Structure formats: C-alpha cells, structure tokens
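J.: Supplied structure: protein-v9.cif, mmCIF, C-alpha atoms.
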```
data_final
loop_
_atom_site.label_atom_id
_atom_site.label_comp_id
_atom_site.auth_asym_id
_atom_site.auth_seq_id
_atom_site.Cartn_x
_atom_site.Cartn_y
_atom_site.Cartn_z
CA MET A 356 -5.47 2.29 -20.64
CA LYS A 357 -5.03 5.88 -19.58
CA SER A 358 -2.74 6.67 -16.68
CA THR A 359 -1.82 9.76 -14.72
CA ILE A 360 1.84 8.67 -14.67
CA PRO A 361 3.79 11.17 -16.81
CA GLU A 362 6.03 10.11 -19.65
CA ALA A 363 9.67 9.52 -18.85
CA GLY A 364 11.58 12.76 -18.66
CA THR A 365 8.56 14.70 -17.31
CA PRO A 366 9.37 14.94 -13.60
CA ILE A 367 7.03 16.19 -10.93
CA ALA A 368 8.23 19.63 -9.92
CA GLU A 369 10.24 19.65 -6.70
CA PRO A 370 8.93 22.00 -3.99
CA ALA A 371 10.80 25.07 -2.90
CA ALA A 372 13.06 24.48 0.09
CA GLY A 373 11.35 24.99 3.44
CA SER A 374 7.84 24.96 2.03
CA ASP A 375 5.76 22.45 4.03
CA ARG A 376 2.63 23.15 1.99
CA GLN A 377 4.37 22.53 -1.33
CA GLU A 378 6.05 19.43 0.05
CA ALA A 379 2.65 18.07 1.13
CA SER A 380 1.28 18.87 -2.33
CA LEU A 381 4.15 17.01 -3.97
CA HIS A 382 3.60 13.99 -1.73
CA GLY A 383 -0.10 14.02 -2.58
CA GLU A 384 0.59 14.18 -6.32
CA ILE A 385 3.07 11.30 -6.16
CA LEU A 386 0.61 9.23 -4.14
CA LEU A 387 -2.28 9.95 -6.51
CA ARG A 388 -0.30 9.00 -9.61
CA LEU A 389 1.23 5.93 -8.05
CA ARG A 390 -2.13 4.72 -6.75
CA ASP A 391 -3.72 5.14 -10.18
CA TYR A 392 -0.83 3.32 -11.79
CA VAL A 393 -1.27 0.30 -9.50
CA VAL A 394 -5.09 0.32 -9.56
CA GLU A 395 -5.18 0.36 -13.37
CA GLY A 396 -3.19 -2.86 -13.51
CA ASN A 397 0.06 -1.53 -14.92
CA ILE A 398 1.90 -3.81 -12.49
CA PRO A 399 0.53 -7.39 -12.42
CA GLU A 400 -0.88 -8.75 -9.16
CA GLY A 401 1.82 -10.47 -7.18
CA ALA A 402 4.59 -8.75 -9.15
CA ARG A 403 7.38 -6.73 -7.57
CA VAL A 404 7.07 -2.95 -7.69
CA PRO A 405 9.76 -1.64 -10.09
CA GLU A 406 11.05 1.19 -7.90
CA ARG A 407 13.85 2.34 -10.21
CA GLN A 408 11.50 2.50 -13.22
CA LEU A 409 8.88 4.41 -11.26
CA CYS A 410 11.44 6.87 -9.96
CA GLU A 411 12.52 7.57 -13.53
CA MET A 412 8.95 7.93 -14.75
CA LEU A 413 8.00 10.28 -11.92
CA GLY A 414 11.31 12.13 -11.86
CA ILE A 415 11.74 11.61 -8.12
CA SER A 416 14.16 9.93 -5.73
CA ARG A 417 13.60 6.67 -3.84
CA THR A 418 12.67 8.42 -0.57
CA PRO A 419 9.36 10.05 -1.66
CA LEU A 420 8.49 6.94 -3.67
CA ARG A 421 8.91 4.71 -0.64
CA GLU A 422 6.84 7.08 1.51
CA ALA A 423 4.02 6.75 -1.03
CA LEU A 424 4.43 2.97 -1.07
CA LYS A 425 3.95 2.90 2.70
CA VAL A 426 0.57 4.61 2.24
CA LEU A 427 -0.46 2.14 -0.47
CA ALA A 428 0.57 -0.71 1.84
CA ALA A 429 -1.66 0.72 4.58
CA GLU A 430 -4.50 0.90 2.02
CA GLY A 431 -3.97 -2.77 1.15
CA LEU A 432 -2.93 -2.26 -2.47
CA ILE A 433 0.62 -3.50 -2.03
CA GLU A 434 2.69 -5.53 0.42
CA LEU A 435 6.01 -4.35 1.79
CA LEU A 436 8.66 -7.07 1.79
CA PRO A 437 11.38 -6.81 4.48
CA ASN A 438 14.57 -5.66 2.76
CA ARG A 439 13.12 -6.75 -0.61
CA GLY A 440 11.02 -3.82 -1.76
CA ALA A 441 7.30 -4.24 -2.38
CA ARG A 442 4.87 -6.22 -4.51
CA VAL A 443 1.29 -5.69 -5.64
CA ARG A 444 -1.10 -7.49 -3.34
CA GLN A 445 -2.69 -10.55 -4.91
CA LEU A 446 -6.19 -11.47 -3.76
CA SER A 447 -7.63 -14.96 -3.97
CA GLU A 448 -11.20 -15.67 -5.03
CA ARG A 449 -12.11 -16.22 -1.37
CA ASP A 450 -10.49 -12.89 -0.43
CA LEU A 451 -12.61 -11.16 -3.07
CA GLU A 452 -15.82 -12.81 -1.91
CA GLU A 453 -15.27 -11.77 1.70
CA LEU A 454 -14.08 -8.23 0.95
CA PHE A 455 -16.89 -7.45 -1.49
CA ASP A 456 -19.50 -8.81 0.93
CA VAL A 457 -18.18 -6.54 3.68
CA MET A 458 -18.14 -3.58 1.30
CA ALA A 459 -21.66 -4.40 0.15
CA GLY A 460 -22.84 -4.34 3.75
CA LEU A 461 -21.07 -1.06 4.47
CA GLU A 462 -22.36 0.66 1.34
CA GLY A 463 -25.87 -0.65 1.95
CA LEU A 464 -25.82 0.80 5.47
CA ALA A 465 -24.35 4.06 4.16
CA GLY A 466 -27.18 4.39 1.65
CA ARG A 467 -29.83 3.88 4.30
CA LEU A 468 -28.24 6.42 6.67
CA ALA A 469 -27.51 8.90 3.88
CA CYS A 470 -31.19 9.09 2.96
CA GLU A 471 -31.92 10.22 6.52
CA ALA A 472 -29.33 13.00 6.58
CA ILE A 473 -28.38 14.06 3.05
CA THR A 474 -29.05 17.65 1.97
CA ASP A 475 -30.47 18.87 -1.33
CA GLU A 476 -27.09 20.42 -2.10
CA GLU A 477 -25.33 17.09 -1.59
CA ILE A 478 -27.79 15.33 -3.86
CA SER A 479 -27.22 17.99 -6.53
CA ALA A 480 -23.46 17.49 -6.23
CA ILE A 481 -23.86 13.72 -6.65
CA GLU A 482 -26.12 14.32 -9.67
CA GLN A 483 -23.38 16.41 -11.29
CA LEU A 484 -20.86 13.66 -10.61
CA HIS A 485 -23.24 11.13 -12.16
CA TYR A 486 -23.56 13.13 -15.38
CA GLU A 487 -19.78 13.63 -15.47
CA MET A 488 -19.32 9.88 -15.07
CA TYR A 489 -21.84 9.23 -17.84
CA GLY A 490 -19.79 11.48 -20.13
CA HIS A 491 -16.70 9.41 -19.44
CA TYR A 492 -18.73 6.27 -20.13
CA LEU A 493 -19.88 7.58 -23.52
CA HIS A 494 -16.29 8.42 -24.45
CA ARG A 495 -15.07 5.01 -23.24
CA ASP A 496 -12.73 6.78 -20.82
CA MET A 497 -12.28 4.12 -18.15
CA HIS A 498 -9.82 6.16 -16.12
CA GLY A 499 -12.10 9.20 -15.85
CA TYR A 500 -15.17 7.03 -15.29
CA PHE A 501 -13.58 5.14 -12.43
CA GLN A 502 -12.29 8.26 -10.68
CA VAL A 503 -15.72 9.89 -10.68
CA ASN A 504 -17.42 6.58 -9.80
CA GLN A 505 -15.34 6.37 -6.62
CA ARG A 506 -16.22 9.96 -5.71
CA ILE A 507 -19.93 9.11 -5.96
CA HIS A 508 -19.62 6.15 -3.62
CA GLU A 509 -17.48 8.16 -1.21
CA SER A 510 -20.02 11.02 -1.29
CA ILE A 511 -22.83 8.67 -0.27
CA VAL A 512 -20.72 7.31 2.57
CA ALA A 513 -19.88 10.86 3.70
CA ALA A 514 -23.58 11.80 3.61
CA ALA A 515 -24.30 9.01 6.11
CA ARG A 516 -22.79 11.26 8.82
CA ASN A 517 -21.17 8.30 10.59
CA GLU A 518 -17.43 8.56 11.19
CA THR A 519 -17.09 4.95 12.32
CA LEU A 520 -18.69 3.76 9.10
CA LYS A 521 -16.57 6.17 7.06
CA THR A 522 -13.35 4.90 8.66
CA ALA A 523 -14.28 1.24 8.17
CA TYR A 524 -15.23 1.93 4.55
CA GLY A 525 -11.94 3.67 3.87
CA ASN A 526 -9.97 0.78 5.37
CA PHE A 527 -11.61 -1.78 3.10
CA ALA A 528 -12.00 0.36 -0.03
CA GLY A 529 -8.27 0.50 -0.71
CA ARG A 530 -7.92 -3.26 -0.62
CA ILE A 531 -10.35 -3.80 -3.50
CA ARG A 532 -9.85 -0.57 -5.45
CA GLY A 533 -7.83 -2.36 -8.09
CA VAL A 534 -10.29 -5.19 -8.59
CA ARG A 535 -13.23 -2.76 -8.67
CA TYR A 536 -11.47 -1.09 -11.57
CA SER A 537 -10.64 -4.31 -13.42
CA ALA A 538 -14.15 -5.73 -12.89
CA ASN A 539 -15.43 -3.27 -15.49
CA PHE A 540 -13.52 -5.25 -18.11
CA ALA A 541 -15.34 -8.51 -17.35
CA ARG A 542 -17.65 -9.49 -20.23
CA LYS A 543 -16.13 -6.52 -22.05
CA ARG A 544 -18.73 -3.73 -22.54
CA GLN A 545 -21.66 -5.62 -21.02
CA ARG A 546 -20.62 -5.21 -17.37
CA TRP A 547 -19.77 -1.54 -17.84
CA ALA A 548 -23.24 -0.87 -19.24
CA GLU A 549 -24.82 -2.83 -16.38
CA ALA A 550 -22.88 -0.78 -13.83
CA MET A 551 -24.04 2.44 -15.47
CA ARG A 552 -27.69 1.35 -15.26
CA GLU A 553 -27.21 0.43 -11.62
CA HIS A 554 -25.85 3.91 -10.93
CA GLU A 555 -28.95 5.43 -12.52
CA ALA A 556 -31.05 3.40 -10.06
CA ILE A 557 -28.81 4.53 -7.19
CA LEU A 558 -29.30 8.20 -8.13
CA ASP A 559 -33.07 7.77 -8.49
CA ALA A 560 -33.43 6.18 -5.04
CA LEU A 561 -31.19 8.84 -3.51
CA ARG A 562 -33.29 11.65 -5.00
CA ARG A 563 -36.39 10.09 -3.43
CA ARG A 564 -34.53 9.46 -0.17
CA ALA A 565 -35.74 5.87 -0.34
CA GLY A 566 -33.33 4.49 2.25
CA SER A 567 -34.36 0.84 2.27
CA GLU A 568 -34.47 0.72 -1.54
CA LEU A 569 -31.11 2.45 -1.92
CA SER A 570 -29.57 0.07 0.61
CA ASP A 571 -30.74 -2.94 -1.40
CA ILE A 572 -29.54 -1.42 -4.70
CA LEU A 573 -26.09 -0.64 -3.33
CA PHE A 574 -25.76 -4.09 -1.77
CA GLN A 575 -26.68 -5.77 -5.07
CA HIS A 576 -24.44 -3.36 -7.00
CA LEU A 577 -21.44 -4.57 -4.98
CA ARG A 578 -22.55 -8.20 -5.34
CA ASN A 579 -22.66 -7.76 -9.11
CA LYS A 580 -19.25 -6.11 -9.00
CA ARG A 581 -17.99 -9.05 -6.95
CA ALA A 582 -19.20 -11.54 -9.57
CA ALA A 583 -17.56 -9.51 -12.35
CA ALA A 584 -14.30 -9.25 -10.40
CA ILE A 585 -14.16 -13.00 -9.81
CA GLU A 586 -14.98 -13.63 -13.46
CA HIS A 587 -12.20 -11.28 -14.53
CA LEU A 588 -9.80 -13.00 -12.11
CA SER A 589 -10.69 -16.38 -13.63
CA GLU A 590 -10.25 -15.05 -17.18
CA ALA A 591 -6.86 -13.59 -16.31
CA GLY A 592 -5.77 -16.88 -14.77
CA ALA A 593 -6.85 -18.78 -17.87
CA GLU A 594 -4.85 -16.60 -20.26
CA PRO A 595 -1.75 -18.34 -21.64
CA ALA A 596 1.54 -16.99 -20.44
CA SER A 597 3.26 -14.72 -22.94
CA THR A 598 6.48 -15.97 -24.49
#
```
Spell out the structure here as structure tokens.

T.:
Amino acid sequence: MKSTIPEAGTPIAEPAAGSDRQEASLHGEILLRLRDYVVEGNIPEGARVPERQLCEMLGISRTPLREALKVLAAEGLIELLPNRGARVRQLSERDLEELFDVMAGLEGLAGRLACEAITDEEISAIEQLHYEMYGHYLHRDMHGYFQVNQRIHESIVAAARNETLKTAYGNFAGRIRGVRYSANFARKRQRWAEAMREHEAILDALRRRAGSELSDILFQHLRNKRAAAIEHLSEAGAEPAST
C-alpha cells in the first residue's frame, strides 16, 4: 500500500533557526506522514510504535516524533504508555459498533444541516473532490482515494455551519480513521465499489439539497462501513500467525 513516509535516508528538511512558520510547517508534515503511516496499517493494532525506526525513516530526532505522537494520542489513533513509549490503539468489535453508530448519527445530522446552509460554490468544490476520488478509485489508488474521501466527509460537516457538531465529529473521526481505511479491503473490491456508489448517491442528494434523504444515506453509509470494518477485523483475527 502507498505511504507518504519517505524512504530511509530521505529526511524531512529541518527549518531555518528562529523560523516559527517553518517549524510549524515541519511539525505539520511530520504529523501528516505519521498519521498516514498508522492509518494505513503499517503498524499492527496493539503493536508498539517503533520510534527509532520512524526517526530514521523521517530523518528526525525523537523530540518532534514524540510531539506528533501526542497529537495522534489525542486523536485516538495511539495510546501513550507511561515510560514505555506508545502503541497503536486496538479497538474491539463492541468499540467499533459504538463508534460507528455515533459517527453515523453525527454525519446524518451534518448532511441534514448542510442542505440548509451549503452554497453553490461549496457543492461545486465537493463535486470536484468526488471526481478526483473517482479517479483514484479507477487507478486502484487506495491512499489517494481515502485522503479525498475524508475531505468530502469533512466538507459536508463544515457546510453544516455548526461548530459543536464539527468539534464532536473531529473528536470521534480520529479514533476510527484507521478502521475506515481498512474497511475498504473487506470483501476485496466489492466493498470499495459499494462505497463508491454510495458516494454518488450522497453527491446527488447534496446537489438537490434533499436534507432528509442525505441524512439517511450518510447514516446507512456509515452503517455499511461499520459492517465492513467488523468483517475485516474478524478476517484479520482469523489469519494464521506468520512464522
């Protein structure tokens, strides 16, 4: 699977001394690459985060890495272990059921509110994202597809014009970002095609500003994703351990 982590020996450029803007940019780049690396399953759930290896891959010291890990811990992707580093958060089937149901409710509400407030320009921007995502789907580029997919969902939430909803969504989204990614692998290509068709229905309802319909579609979309995530979790648990 594609990753934004650079090959070993290709460090992220260090910022010039005294440059707060460049330092913030560096931190953001480290965070983005590290988040993608975890979300795409490069470190197994429940496994320790290999700090030394990641430092070598990113070409950075432990300090900026650990700052990024703190952010991922706040997002719910990893757990910080007192004096023992960090590990990738492992979710149980019950955790997934509860989290996806909450996300389904939040996205359903966001769709209903978005249809009341969204502008033509925002719909056009989401349309462009949809076609970009479809291109990634045709090229079987899971990394690109997932990145744009998340931007579409976030754009709908933003169009709801409700900061409380946006904050709650952000708090929960990080906790299931990894399983949302892996759910696309359940039933191999079948689930990915289903998700693409569901997004076509989402875009159609949004264009018509059909709030109640969009709410139902988004709720079911997350329910379907939940089923795929649980199926993928079961398949992963059934795989024989490698020797």

J.: For stretch 389-403 of chain A, please output as an MDAnalysis selection string all residues within 10 Å (counting only C-alpha atoms; exclusion window: fewer than 3 positions along the same chain).

T.: chainID A and resid 356:360 383:386 406 409 413 420 423:424 426:427 430 432:436 439:446 497:498 501:502 529 531:537

J.: Only C-alpha atoms, please: the residues just picked out, written as a PDB file, in the coordinates of the input.

T.:
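Written output follows (again_16.pdb):
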```pdb
ATOM      1  CA  MET A 356      -5.470   2.290 -20.640  1.00  0.00           C
ATOM      2  CA  LYS A 357      -5.030   5.880 -19.580  1.00  0.00           C
ATOM      3  CA  SER A 358      -2.740   6.670 -16.680  1.00  0.00           C
ATOM      4  CA  THR A 359      -1.820   9.760 -14.720  1.00  0.00           C
ATOM      5  CA  ILE A 360       1.840   8.670 -14.670  1.00  0.00           C
ATOM      6  CA  GLY A 383      -0.100  14.020  -2.580  1.00  0.00           C
ATOM      7  CA  GLU A 384       0.590  14.180  -6.320  1.00  0.00           C
ATOM      8  CA  ILE A 385       3.070  11.300  -6.160  1.00  0.00           C
ATOM      9  CA  LEU A 386       0.610   9.230  -4.140  1.00  0.00           C
ATOM     10  CA  GLU A 406      11.050   1.190  -7.900  1.00  0.00           C
ATOM     11  CA  LEU A 409       8.880   4.410 -11.260  1.00  0.00           C
ATOM     12  CA  LEU A 413       8.000  10.280 -11.920  1.00  0.00           C
ATOM     13  CA  LEU A 420       8.490   6.940  -3.670  1.00  0.00           C
ATOM     14  CA  ALA A 423       4.020   6.750  -1.030  1.00  0.00           C
ATOM     15  CA  LEU A 424       4.430   2.970  -1.070  1.00  0.00           C
ATOM     16  CA  VAL A 426       0.570   4.610   2.240  1.00  0.00           C
ATOM     17  CA  LEU A 427      -0.460   2.140  -0.470  1.00  0.00           C
ATOM     18  CA  GLU A 430      -4.500   0.900   2.020  1.00  0.00           C
ATOM     19  CA  LEU A 432      -2.930  -2.260  -2.470  1.00  0.00           C
ATOM     20  CA  ILE A 433       0.620  -3.500  -2.030  1.00  0.00           C
ATOM     21  CA  GLU A 434       2.690  -5.530   0.420  1.00  0.00           C
ATOM     22  CA  LEU A 435       6.010  -4.350   1.790  1.00  0.00           C
ATOM     23  CA  LEU A 436       8.660  -7.070   1.790  1.00  0.00           C
ATOM     24  CA  ARG A 439      13.120  -6.750  -0.610  1.00  0.00           C
ATOM     25  CA  GLY A 440      11.020  -3.820  -1.760  1.00  0.00           C
ATOM     26  CA  ALA A 441       7.300  -4.240  -2.380  1.00  0.00           C
ATOM     27  CA  ARG A 442       4.870  -6.220  -4.510  1.00  0.00           C
ATOM     28  CA  VAL A 443       1.290  -5.690  -5.640  1.00  0.00           C
ATOM     29  CA  ARG A 444      -1.100  -7.490  -3.340  1.00  0.00           C
ATOM     30  CA  GLN A 445      -2.690 -10.550  -4.910  1.00  0.00           C
ATOM     31  CA  LEU A 446      -6.190 -11.470  -3.760  1.00  0.00           C
ATOM     32  CA  MET A 497     -12.280   4.120 -18.150  1.00  0.00           C
ATOM     33  CA  HIS A 498      -9.820   6.160 -16.120  1.00  0.00           C
ATOM     34  CA  PHE A 501     -13.580   5.140 -12.430  1.00  0.00           C
ATOM     35  CA  GLN A 502     -12.290   8.260 -10.680  1.00  0.00           C
ATOM     36  CA  GLY A 529      -8.270   0.500  -0.710  1.00  0.00           C
ATOM     37  CA  ILE A 531     -10.350  -3.800  -3.500  1.00  0.00           C
ATOM     38  CA  ARG A 532      -9.850  -0.570  -5.450  1.00  0.00           C
ATOM     39  CA  GLY A 533      -7.830  -2.360  -8.090  1.00  0.00           C
ATOM     40  CA  VAL A 534     -10.290  -5.190  -8.590  1.00  0.00           C
ATOM     41  CA  ARG A 535     -13.230  -2.760  -8.670  1.00  0.00           C
ATOM     42  CA  TYR A 536     -11.470  -1.090 -11.570  1.00  0.00           C
ATOM     43  CA  SER A 537     -10.640  -4.310 -13.420  1.00  0.00           C
TER      44      SER A 537
END
```

J.: Find the spatial neighbours of A:Ala538, counting all atoms listed in the file, within a cut-off of 7 Å - ignore same-chain residues fewer than 6 positions away - and output them as number ranges by chain.

T.: A: 580, 583-584, 587

J.: Work out how far apart atom CA of A:Gln575 and atom CA of A:Glu487 are and give it in Å to one decimal.

T.: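 Taking atom CA of A:Gln575 as the start and atom CA of A:Glu487 as the end point, the length is 23.1 Å.
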
J.: Take atom CA of A:Arg546 and atom CA of A:Ser510 and report the distance between them in Å, one decimal.

T.: 22.9 Å

J.: Between A:Leu561, A:Leu569, A:Val503, A:Val457, which residue has the minimum interatomic distance to A:Ile478, considering only C-alpha atoms?

T.: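 For A:Ile478, the nearest of the given residues is A:Leu561.
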
J.: Give me the residues within 8 Å of A:Arg581 as a ChimeraX atom specification, counting all atoms listed in the file and dropping any in the same chain fewer than 2 places off.

T.: /A:451-452,455,538,577-579,583-585

J.: Point out the residue among A:Ala429, A:Ile572, A:Met488, A:Ile507 with the least atom-to-atom distance to A:Trp547, counting all atoms listed in the file.

T.: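 With all atoms listed in the file as the atom set, the closest residue is A:Met488.
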
J.: Would you fill the gaps in stretch 525-548 of chain A so it has N, CA, C and O atoms, then print it as a PDB file, keeping the file's coordinate frame?

T.:
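File written: result_10.pdb
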```
ATOM      1  N   GLY A 525     -13.229   3.285   4.424  1.00  0.00           N
ATOM      2  CA  GLY A 525     -11.940   3.670   3.870  1.00  0.00           C
ATOM      3  C   GLY A 525     -10.898   2.566   4.011  1.00  0.00           C
ATOM      4  O   GLY A 525     -10.086   2.346   3.113  1.00  0.00           O
ATOM      5  N   ASN A 526     -10.930   1.859   5.136  1.00  0.00           N
ATOM      6  CA  ASN A 526      -9.970   0.780   5.370  1.00  0.00           C
ATOM      7  C   ASN A 526     -10.123  -0.355   4.366  1.00  0.00           C
ATOM      8  O   ASN A 526      -9.140  -0.949   3.921  1.00  0.00           O
ATOM      9  N   PHE A 527     -11.370  -0.671   4.021  1.00  0.00           N
ATOM     10  CA  PHE A 527     -11.610  -1.780   3.100  1.00  0.00           C
ATOM     11  C   PHE A 527     -11.554  -1.354   1.635  1.00  0.00           C
ATOM     12  O   PHE A 527     -11.190  -2.154   0.774  1.00  0.00           O
ATOM     13  N   ALA A 528     -11.908  -0.111   1.360  1.00  0.00           N
ATOM     14  CA  ALA A 528     -12.000   0.360  -0.030  1.00  0.00           C
ATOM     15  C   ALA A 528     -10.663   0.229  -0.760  1.00  0.00           C
ATOM     16  O   ALA A 528     -10.618  -0.165  -1.927  1.00  0.00           O
ATOM     17  N   GLY A 529      -9.570   0.576  -0.069  1.00  0.00           N
ATOM     18  CA  GLY A 529      -8.270   0.500  -0.710  1.00  0.00           C
ATOM     19  C   GLY A 529      -7.887  -0.901  -1.124  1.00  0.00           C
ATOM     20  O   GLY A 529      -7.234  -1.099  -2.158  1.00  0.00           O
ATOM     21  N   ARG A 530      -8.313  -1.874  -0.353  1.00  0.00           N
ATOM     22  CA  ARG A 530      -7.920  -3.260  -0.620  1.00  0.00           C
ATOM     23  C   ARG A 530      -8.553  -3.821  -1.894  1.00  0.00           C
ATOM     24  O   ARG A 530      -8.015  -4.748  -2.497  1.00  0.00           O
ATOM     25  N   ILE A 531      -9.706  -3.266  -2.287  1.00  0.00           N
ATOM     26  CA  ILE A 531     -10.350  -3.800  -3.500  1.00  0.00           C
ATOM     27  C   ILE A 531     -10.459  -2.747  -4.605  1.00  0.00           C
ATOM     28  O   ILE A 531     -11.138  -2.970  -5.601  1.00  0.00           O
ATOM     29  N   ARG A 532      -9.761  -1.621  -4.431  1.00  0.00           N
ATOM     30  CA  ARG A 532      -9.850  -0.570  -5.450  1.00  0.00           C
ATOM     31  C   ARG A 532      -9.406  -1.084  -6.815  1.00  0.00           C
ATOM     32  O   ARG A 532     -10.033  -0.810  -7.832  1.00  0.00           O
ATOM     33  N   GLY A 533      -8.327  -1.840  -6.821  1.00  0.00           N
ATOM     34  CA  GLY A 533      -7.830  -2.360  -8.090  1.00  0.00           C
ATOM     35  C   GLY A 533      -8.788  -3.312  -8.761  1.00  0.00           C
ATOM     36  O   GLY A 533      -9.010  -3.237  -9.971  1.00  0.00           O
ATOM     37  N   VAL A 534      -9.380  -4.221  -7.982  1.00  0.00           N
ATOM     38  CA  VAL A 534     -10.290  -5.190  -8.590  1.00  0.00           C
ATOM     39  C   VAL A 534     -11.622  -4.539  -8.956  1.00  0.00           C
ATOM     40  O   VAL A 534     -12.293  -4.988  -9.897  1.00  0.00           O
ATOM     41  N   ARG A 535     -12.025  -3.492  -8.254  1.00  0.00           N
ATOM     42  CA  ARG A 535     -13.230  -2.760  -8.670  1.00  0.00           C
ATOM     43  C   ARG A 535     -13.008  -2.142 -10.042  1.00  0.00           C
ATOM     44  O   ARG A 535     -13.921  -2.090 -10.863  1.00  0.00           O
ATOM     45  N   TYR A 536     -11.794  -1.671 -10.268  1.00  0.00           N
ATOM     46  CA  TYR A 536     -11.470  -1.090 -11.570  1.00  0.00           C
ATOM     47  C   TYR A 536     -11.479  -2.173 -12.648  1.00  0.00           C
ATOM     48  O   TYR A 536     -12.141  -2.035 -13.683  1.00  0.00           O
ATOM     49  N   SER A 537     -10.773  -3.263 -12.399  1.00  0.00           N
ATOM     50  CA  SER A 537     -10.640  -4.310 -13.420  1.00  0.00           C
ATOM     51  C   SER A 537     -11.955  -5.031 -13.684  1.00  0.00           C
ATOM     52  O   SER A 537     -12.161  -5.573 -14.773  1.00  0.00           O
ATOM     53  N   ALA A 538     -12.873  -5.039 -12.705  1.00  0.00           N
ATOM     54  CA  ALA A 538     -14.150  -5.730 -12.890  1.00  0.00           C
ATOM     55  C   ALA A 538     -14.955  -5.152 -14.043  1.00  0.00           C
ATOM     56  O   ALA A 538     -15.787  -5.841 -14.644  1.00  0.00           O
ATOM     57  N   ASN A 539     -14.703  -3.889 -14.371  1.00  0.00           N
ATOM     58  CA  ASN A 539     -15.430  -3.270 -15.490  1.00  0.00           C
ATOM     59  C   ASN A 539     -15.061  -3.889 -16.830  1.00  0.00           C
ATOM     60  O   ASN A 539     -15.763  -3.703 -17.818  1.00  0.00           O
ATOM     61  N   PHE A 540     -13.939  -4.624 -16.873  1.00  0.00           N
ATOM     62  CA  PHE A 540     -13.520  -5.250 -18.110  1.00  0.00           C
ATOM     63  C   PHE A 540     -14.103  -6.645 -18.288  1.00  0.00           C
ATOM     64  O   PHE A 540     -13.963  -7.248 -19.340  1.00  0.00           O
ATOM     65  N   ALA A 541     -14.733  -7.187 -17.234  1.00  0.00           N
ATOM     66  CA  ALA A 541     -15.340  -8.510 -17.350  1.00  0.00           C
ATOM     67  C   ALA A 541     -16.505  -8.438 -18.340  1.00  0.00           C
ATOM     68  O   ALA A 541     -17.301  -7.507 -18.319  1.00  0.00           O
ATOM     69  N   ARG A 542     -16.614  -9.435 -19.187  1.00  0.00           N
ATOM     70  CA  ARG A 542     -17.650  -9.490 -20.230  1.00  0.00           C
ATOM     71  C   ARG A 542     -17.617  -8.234 -21.096  1.00  0.00           C
ATOM     72  O   ARG A 542     -18.630  -7.782 -21.620  1.00  0.00           O
ATOM     73  N   LYS A 543     -16.383  -7.678 -21.192  1.00  0.00           N
ATOM     74  CA  LYS A 543     -16.130  -6.520 -22.050  1.00  0.00           C
ATOM     75  C   LYS A 543     -17.113  -5.384 -21.749  1.00  0.00           C
ATOM     76  O   LYS A 543     -17.220  -4.941 -20.628  1.00  0.00           O
ATOM     77  N   ARG A 544     -17.899  -4.918 -22.733  1.00  0.00           N
ATOM     78  CA  ARG A 544     -18.730  -3.730 -22.540  1.00  0.00           C
ATOM     79  C   ARG A 544     -20.002  -4.018 -21.761  1.00  0.00           C
ATOM     80  O   ARG A 544     -20.631  -3.112 -21.224  1.00  0.00           O
ATOM     81  N   GLN A 545     -20.391  -5.283 -21.657  1.00  0.00           N
ATOM     82  CA  GLN A 545     -21.660  -5.620 -21.020  1.00  0.00           C
ATOM     83  C   GLN A 545     -21.693  -5.188 -19.558  1.00  0.00           C
ATOM     84  O   GLN A 545     -22.655  -4.585 -19.092  1.00  0.00           O
ATOM     85  N   ARG A 546     -20.639  -5.534 -18.791  1.00  0.00           N
ATOM     86  CA  ARG A 546     -20.620  -5.210 -17.370  1.00  0.00           C
ATOM     87  C   ARG A 546     -20.589  -3.700 -17.161  1.00  0.00           C
ATOM     88  O   ARG A 546     -21.219  -3.192 -16.244  1.00  0.00           O
ATOM     89  N   TRP A 547     -19.856  -2.988 -17.993  1.00  0.00           N
ATOM     90  CA  TRP A 547     -19.770  -1.540 -17.840  1.00  0.00           C
ATOM     91  C   TRP A 547     -21.153  -0.915 -18.029  1.00  0.00           C
ATOM     92  O   TRP A 547     -21.562  -0.026 -17.282  1.00  0.00           O
ATOM     93  N   ALA A 548     -21.889  -1.390 -19.011  1.00  0.00           N
ATOM     94  CA  ALA A 548     -23.240  -0.870 -19.240  1.00  0.00           C
ATOM     95  C   ALA A 548     -24.160  -1.218 -18.069  1.00  0.00           C
ATOM     96  O   ALA A 548     -24.988  -0.400 -17.648  1.00  0.00           O
TER      97      ALA A 548
END
```
